[in-house]
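Structure first, then comments.
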Amino acid sequence: MNAPNKSGWKPEMETALPGAEAPTHTGNRALMLEEPLIFEIGSSDTTGVDLPEATGGTNRLGGMERSEAIGLPGLSEPETVRHYTRLSRQNYAIDLGLFPLGSCTMKHNPRLNEKVARMPGFADVHPLAPQGAIQGALAVIHELGEWLKALTGMPGVAMSPKAGAHGELCGLLAIRAALDARDDPREVVLVPTSAHGTNPATAAFCGYRVEEIGATADGRVDMAALEARIGPDVAALMITNPNTCGLFERDIHRMAEAIHAAGGFLYCDGANFNAIVGRVRPGDLGVDAMHINLHKTFSTPHGGGGPGSGPVVFSEALAPFAPLPAVRLAGGRFHLVEEETQVDHGHGQSFGRLAAFHGQMGMFTRALAYILSHGADGLKQVAEDAVLNANYVLRRCEDVLHAPYGASGPCMHEALFGDEGFAEGFTTLDLAKALIDEGYHPMTMYFPLVVHGAMLVEPTETESKAALDQFIGALRSVAERARAGDPALKQAPVHAPRRRLDETLAARKPVLVWSEGE
Amino acid sequence: MRYLPLTDADRAQMLDVIGVSSVDDLFTDVPEAARLDGPIAGLPNHASEMAVERHMAKLAGQNMIAGQVPFFLGAGAYRHHVPASVDHLIQRGEFLTAYTPYQPEIAQGTLQMLFEFQTQVARLLGCAVANASMYDGSTACWEAIAMASRVTKRSRALLACGLHPHYVEVAKTMAKFTGDTIASGTPDLTASCGEDELIAEITDETACVVVQYPDILGRIPDLAKIADAAHEKGALLVAVVTEPVALGAIKSPGELGADIVVGEGQSLGVGLQFGGPYLGLFAVRDPKHVRQMPGRLCGETVDAEGKRGFVLTLSTREQHIRREKATSNICTNSGLCALAFSIHMTLLGEKGLRQLAMENHRLACQAADRLAAVPGVGLVNDAFFNEFTLTLPRNAREVVHELAARDVLAGVSLGRLYPGVEELSQGLVVAVTETTSEEDIEAFALALQEVLA
């Protein structure tokens with residue numbers, strides 16, 4: 001917003017300066033700075049680290065010493081700092097503004113959590129140190145696990161999965177192990193059409209055939225189709241609740257009863273747990289396994305695409321099959337339960353190890369600090385404000401953006417719109433790119449697949465009303481331009497560091513590494 | 001609550017716009033039986049920043065900090081000096097609080113960094129193409145095995161006995177569910193990596209041979225010989241590098257004929273962090289295998305004005321497009337760790353990496369000689385980079401605990417890595433890096449001598 005200051009004073013300038021669009025000598029435009037690749041500016045004999053000169057002579061490398069050049073450019077420290085600082089300024093981020101990426105939960109990342117994760121007592125500790133030397137680290141894993149169990153009302157937890165999709169894998173492997181243990185091979189996993197792509201990919205990896213269950217006109221799982229399909233060949237139903245249309249599955253108890261009656265398990269994708277945390281416990285809904293994206297609900301930073309962390313909570317029926325390692329408190333000490341001691345600690349039925357070491361510790365410390373900061377009351381408020389913000393966006397935009405499920409009851413933490421009503425030839429992509437020019441990261445586009453030209457808006461609870469009002473204004477404006485068929489929309493973005501990029505070229509002639517002579 | 005900007009007045013106004021009288025009206029789709037009346041009972045309420053910091057500091061205080069004691073642990077996680085600028089740069093909000101670069105026009109920072117990272121990793125590993133990273137080394141190793149099965153249309157993986165036992169366990173867990181067969185063994189306490197025995201087991205049904213380089217005992221296997229034997233039978237060689245700094249000193253796996261090279265990138269930029277988050281490296285030597293690779297790839301393209309730019313590409317391999325037919329269910333990479341790795345690598349450059357590697361090797365040689373001079377202690381390795389295995393005159397696991405009680409973190413006992421394998425119980429894997437001082441080596445040697453006396 002460029003509102004003039006209260007005095008009304010404005011710099012005396014012509015509104016359109018001649019030459020404003022003229023090229024500059026450098027190609028830079030003031031704070032918009034172009035930055036070459038390190039391979040174009042660095043050299044292999046420059047280094048930004050002071051180390052002793054390598055001395056020749058004898059070594060014990062078994063005759064394997066490198067002779068060829070590697071081709072790694074180096075930069076001095078000031079050049080390095082400048083290179084990455086300049087690159088950073090070409091990124092949008094939560095720290096810069098509202099980031100309404102539905103299903104991804106881009107909320108503020110508290111800096112206390114960064115400070116805590118860097119305490120040497122967490123950051124500078126080796127995973128294979130003797131257990132007497134790592135009691136505090138095990139205590140963190142245990143304490144966070146207890147919180148996750150309490151918040152979900154579920155008795156078992158696995159902390160080692162490294163991301164949400166890894167957690168899904170963990171959950172399905174536990175289901176498969178439980179079925180194998182009772183000698184009950186099953187072939188099918190049911191997945192609603194609105195599911196995240198990871199759900200069918202995970203089920204297929206675990207050796208299951210994926211069958212889709214459709215949605216009703218109100219955006220929820222088609223119960224009639226589901227109940228007709230559930231049978232003794234179905235290992236699990238994988239749902240997302242709240243679902244990816246932003247709606248709570250009202251019939252969740254009926255789903256749980258139906259799948260349990262047929263001897264299968266209910267897996268819940270916990271990507272949207274942030275909508276109900278502190279208010280609803282998935283254990284009370286009949287869920288057998290659910291992964292929790294610590295980087296969504298509990299605000300560990302997304303880091304430009306990871307690392308994530310995806311602990312899984314389990315029902316009584318699945319808890320014995322949880323992976324190794326586990327942390328157990330016994331006799332006033334924390335024990336790391338691994339292959340060696342799994343039987344002694346009652347973990348003999350574990351399906352095994354998912355990854356080296358013990359999980360994403362650096363994410364556990366951040367998530368625990370987040371949870372302790374909020375407490376039970378604050379987490380409840382998190383869910384309420386997230387849902388309130390999403391409904392506010394939904395109701396203030398549904399007259400200019402088609403809300404396919406606007407009449408299906410309140411939305412949860414995200415508002416879903418479709419492209420119906422846009423002028424001929426105008427798409428969700430055009431609207432999204434126009435939002436970039438307005439200074440926003442676009443919402444999730446073309447997901448879920450059940451809505452044409454889907455736009456999934458998740459404002460999160462860390463946005464103020466003023467921030468929401470400004471965003472709503474921008475969203476309404478670009479929606480109206482899409483409805484009117486404003487041709488300028490097709491050009492957007494024009495103010496970003498880059499215009500629309502040619503993704504077809506990138507895929508047709510892949511250039512995945514830099515090479516000399518470019 | 002300091003992280004929640006809405007005021008009660010805001011909330012009332014917004015409820016009014018929505019047309020409901022209370023926030024409870026927004027949760028009416030939740031079955032009544034599952035609605036909670038108030039905050040979950042038995043849990044503490046919100047706490048101040050100071051109180052939380054105090055609680056966490058207390059827990060942190062109950063761990064032995066690697067940098068405060070003579071420290072010799074490795075076995076897949078290494079303590080290196082990370083320049084201060086690395087941590088500063090990764091904490092810039094534009095990197096830290098960005099999402100996966102799905103909107104490339106406003107994510108060129110992350111995308112260019114990933115393109116640079118992919119190039120650095122490919123060159124370091126001696127490969128044509130590297131991806132934008134995986135969760136960690138162990139999961140990257142499994143993904144390589146799964147990829148080799150897709151490429152060769154075979155399902156038997158042969159794991160060398162020197163592969164990290166956690167990596168072996170992960171592969172075995174996964175294979176239980178995919179129908180792949182995994183053959184593995186435990187290492188002998190000898191200087192030989194057992195290449196001939198491994199080669200003898202390769203058959204026409206072998207999809208891949210998986211070899212760690214250097215291996216879990218710190219030995220340096222003859223990859224070229226294994227590669228030739230694998231290729232002769234139509235199998236792929238998967239090389240696993242858990243200590244990428246080693247590649248500043250020894251030949252790259254790609255150069256020696258490995259088809260897929262995976263690794264744990266934690267050594268550069270990431271830090272120990274009690275085991276995670278770490279950084280999976282994944283690269284292929286032959287560009288024709290790119291479309292069988294798992295994970296994200298960043299590629300170069302141009303924008304509407306012809307300017308160079310970068311995008312995520314070849315996503316038709318991935319789950320959000322292919323769903324149940326994807327090459328992997330992986331939906332993320334280890335972005336911020338990849339950034340830390342890339343910055344550290346840029347600071348080092350080729351010159352710095354080679355110096356760093358040789359400094360590690362110099363100190364490791366010194367430590368190996370000093371520790372092997374302790375009465376009753378033997379050195380297993382002929383060749384090593386910065387990690388080697390000692391044989392002690394008694395159970396090494398007990399010795400590790402006794403030394404920890406004297407504030408020396410002595411290494412990883414083979415009893416910890418291979419519980420129940422009696423022949424290995426006296427083995428101790430010792431890692432030495434540039435952070436190890438000559439005083440640390442002397443302190444370790446003296447303490448070892450005392451507990452063995």
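We name chains A, B, ... following the order of the structure tokens; residues begin at 1 in each chain, and ligands are numbered from 1 as shown.
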
Set the distance at 12 Å and use only C-alpha atoms: which residues neighbour B:Pro83 once local chain neighbours fewer than 4 positions away are removed? I'd like the list as an mmCIF file with C-alpha atoms, in the first residue's frame.
data_model
loop_
_atom_site.group_PDB
_atom_site.id
_atom_site.type_symbol
_atom_site.label_atom_id
_atom_site.label_comp_id
_atom_site.auth_asym_id
_atom_site.auth_seq_id
_atom_site.Cartn_x
_atom_site.Cartn_y
_atom_site.Cartn_z
ATOM 1 C CA GLY A 48 36.774 -18.909 1.710
ATOM 2 C CA VAL A 49 38.144 -21.162 4.435
ATOM 3 C CA ASP A 50 41.633 -21.013 5.917
ATOM 4 C CA LEU A 51 43.081 -24.492 6.096
ATOM 5 C CA SER A 76 35.920 -15.940 -0.626
ATOM 6 C CA GLU A 77 33.675 -15.339 2.367
ATOM 7 C CA THR A 80 29.874 -16.116 -0.736
ATOM 8 C CA VAL A 81 27.773 -14.017 1.608
ATOM 9 C CA ASP B 87 24.421 -20.794 9.484
ATOM 10 C CA HIS B 88 23.901 -17.087 9.055
ATOM 11 C CA LEU B 89 22.893 -17.448 5.421
ATOM 12 C CA ILE B 90 20.521 -20.381 5.900
ATOM 13 C CA LEU B 268 29.264 -30.439 4.896
ATOM 14 C CA GLY B 269 27.275 -27.625 6.447
ATOM 15 C CA VAL B 270 24.702 -29.611 8.356
ATOM 16 C CA GLY B 271 26.205 -30.620 11.694
ATOM 17 C CA ALA B 340 23.927 -25.478 3.918
ATOM 18 C CA PHE B 341 25.910 -28.123 2.019
ATOM 19 C CA ILE B 343 27.247 -22.849 0.809
ATOM 20 C CA HIS B 344 29.886 -24.814 2.689
ATOM 21 C CA MET B 345 31.064 -26.340 -0.583
ATOM 22 C CA THR B 346 31.212 -22.899 -2.201
ATOM 23 C CA LEU B 347 33.288 -21.554 0.678
ATOM 24 C CA LEU B 348 35.679 -24.481 0.401
#

(message) With DSSP run on the backbone, what are the helix (DSSP H, G or I) residues within stretch 37-151 of chain A? I'd like them as an MDAnalysis selection string.
(response) chainID A and resid 38:41 77:88 111:117 120:123 131:133 135:151

(message) Quick one: residues within 10 Å of B:Lys176, only C-alpha atoms, excluding same-chain residues fewer than 5 positions away - as a ChimeraX atom specification?
(response) /A:173,177,206,351-352 /B:171,181-182

Expected file: the selected residues, C-alpha atoms, as a CSV table (one decimal), in the first residue's frame:
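Wrote selection_32.csv, looks like this:
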chain,number,residue,atom,x,y,z
A,173,LEU,CA,3.8,-50.5,6.8
A,177,ALA,CA,2.7,-55.8,9.4
A,206,CYS,CA,3.5,-51.0,0.0
A,351,PHE,CA,8.2,-53.8,11.3
A,352,GLY,CA,11.8,-52.6,11.4
B,171,ALA,CA,16.8,-51.8,2.9
B,181,THR,CA,15.5,-59.9,-2.0
B,182,ILE,CA,18.4,-58.5,0.0

Name the residues in contact with stretch 97-103 of chain B at a cut-off of 7 Å, using only C-alpha atoms, excluding same-chain residues fewer than 2 positions from it; report them as a CSV table (one decimal) with N, CA and C atoms, in the first residue's frame.
chain,number,residue,atom,x,y,z
A,92,TYR,N,10.2,-15.5,-2.5
A,92,TYR,CA,9.1,-15.1,-1.6
A,92,TYR,C,9.1,-16.0,-0.4
A,93,ALA,N,8.7,-15.5,0.8
A,93,ALA,CA,8.8,-16.2,2.0
A,93,ALA,C,7.7,-15.7,3.0
A,94,ILE,N,7.4,-16.5,4.0
A,94,ILE,CA,6.5,-16.1,5.0
A,94,ILE,C,6.9,-14.8,5.7
A,95,ASP,N,8.2,-14.7,5.9
A,95,ASP,CA,8.7,-13.5,6.5
A,95,ASP,C,8.4,-12.3,5.7
A,301,PRO,N,10.3,-24.8,10.2
A,301,PRO,CA,10.4,-24.1,8.9
A,301,PRO,C,10.4,-25.0,7.7
A,302,HIS,N,9.8,-24.5,6.6
A,302,HIS,CA,9.7,-25.4,5.4
A,302,HIS,C,11.1,-25.3,4.6
A,303,GLY,N,11.9,-24.3,4.9
A,303,GLY,CA,13.2,-24.3,4.3
A,303,GLY,C,13.4,-24.4,2.8
A,304,GLY,N,12.4,-23.9,2.1
A,304,GLY,CA,12.5,-24.0,0.6
A,304,GLY,C,12.3,-25.4,0.1
A,305,GLY,N,11.6,-26.3,0.9
A,305,GLY,CA,11.4,-27.6,0.4
A,305,GLY,C,12.1,-28.6,1.3
B,93,GLY,N,15.4,-15.3,6.2
B,93,GLY,CA,14.0,-15.7,6.2
B,93,GLY,C,13.6,-16.1,4.8
B,94,GLU,N,14.2,-15.5,3.7
B,94,GLU,CA,13.8,-15.8,2.4
B,94,GLU,C,14.2,-17.2,2.0
B,95,PHE,N,15.2,-17.8,2.7
B,95,PHE,CA,15.5,-19.2,2.5
B,95,PHE,C,14.7,-20.1,3.5
B,105,GLU,N,8.7,-18.0,-10.6
B,105,GLU,CA,9.0,-16.6,-10.8
B,105,GLU,C,9.4,-15.9,-9.5
B,106,ILE,N,8.9,-16.4,-8.4
B,106,ILE,CA,9.3,-15.8,-7.1
B,106,ILE,C,10.0,-16.8,-6.2
B,107,ALA,N,10.8,-17.8,-6.8
B,107,ALA,CA,11.5,-18.7,-6.1
B,107,ALA,C,12.9,-19.0,-6.8
B,110,THR,N,15.9,-20.1,-4.4
B,110,THR,CA,16.0,-21.6,-4.1
B,110,THR,C,16.3,-22.4,-5.3
B,111,LEU,N,15.7,-22.1,-6.4
B,111,LEU,CA,15.9,-22.9,-7.6
B,111,LEU,C,17.4,-22.8,-8.1

(request) Using only C-alpha atoms, determine which residues lie at most 6 Å from stretch 224-234 of chain A, disregarding the query and same-chain residues fewer than 2 positions distant; provide the list as a PyMOL selection string. (result) chain A and resi 186-189+222+236+262

Would you write out those residues with N, CA and C atoms, as a compact mmCIF listing (two decimals), in the first residue's frame?
# COMPACT_ATOMS: atom_id res chain seq x y z
N ARG A 186 -4.20 -58.82 2.34
CA ARG A 186 -5.27 -58.07 1.66
C ARG A 186 -4.64 -57.30 0.51
N GLU A 187 -5.45 -56.93 -0.44
CA GLU A 187 -4.86 -56.42 -1.69
C GLU A 187 -5.11 -54.95 -1.97
N VAL A 188 -6.09 -54.38 -1.30
CA VAL A 188 -6.58 -53.09 -1.77
C VAL A 188 -6.48 -52.02 -0.68
N VAL A 189 -6.10 -50.82 -1.09
CA VAL A 189 -6.23 -49.65 -0.22
C VAL A 189 -7.16 -48.67 -0.93
N ASP A 222 -17.97 -40.18 -0.69
CA ASP A 222 -19.25 -40.78 -1.04
C ASP A 222 -19.44 -42.04 -0.19
N ALA A 236 -6.93 -51.10 4.06
CA ALA A 236 -7.07 -49.82 4.75
C ALA A 236 -7.84 -48.82 3.89
N ALA A 262 -15.00 -54.66 8.72
CA ALA A 262 -14.50 -55.54 7.66
C ALA A 262 -13.07 -55.99 7.95

(message) Which residues are near stretch 465-471 of chain A? Cut-off 7 Å, only C-alpha atoms, ignore same chain within fewer than 2 positions. Put them as a VMD selection string.
(response) (chain A and resid 463 473 to 475) or (chain B and resid 6 10)

Could you write those residues out with C-alpha atoms, as a PDB file, in the first residue's frame?
ATOM      1  CA  GLU A 463      -2.220 -13.532   9.868  1.00  0.00           C
ATOM      2  CA  GLY A 473      -8.760  -6.951  -1.616  1.00  0.00           C
ATOM      3  CA  ALA A 474      -6.036  -8.225  -3.926  1.00  0.00           C
ATOM      4  CA  LEU A 475      -7.746 -11.566  -4.474  1.00  0.00           C
TER       5      LEU A 475
ATOM      6  CA  LEU B   6      -6.117 -11.629  16.047  1.00  0.00           C
ATOM      7  CA  ASP B  10     -11.196  -8.796  15.306  1.00  0.00           C
TER       8      ASP B  10
END

(request) Find the distance between atom CA of A:Leu96 and atom CA of A:His441 and write it in Å to one decimal. (result) 9.8 Å
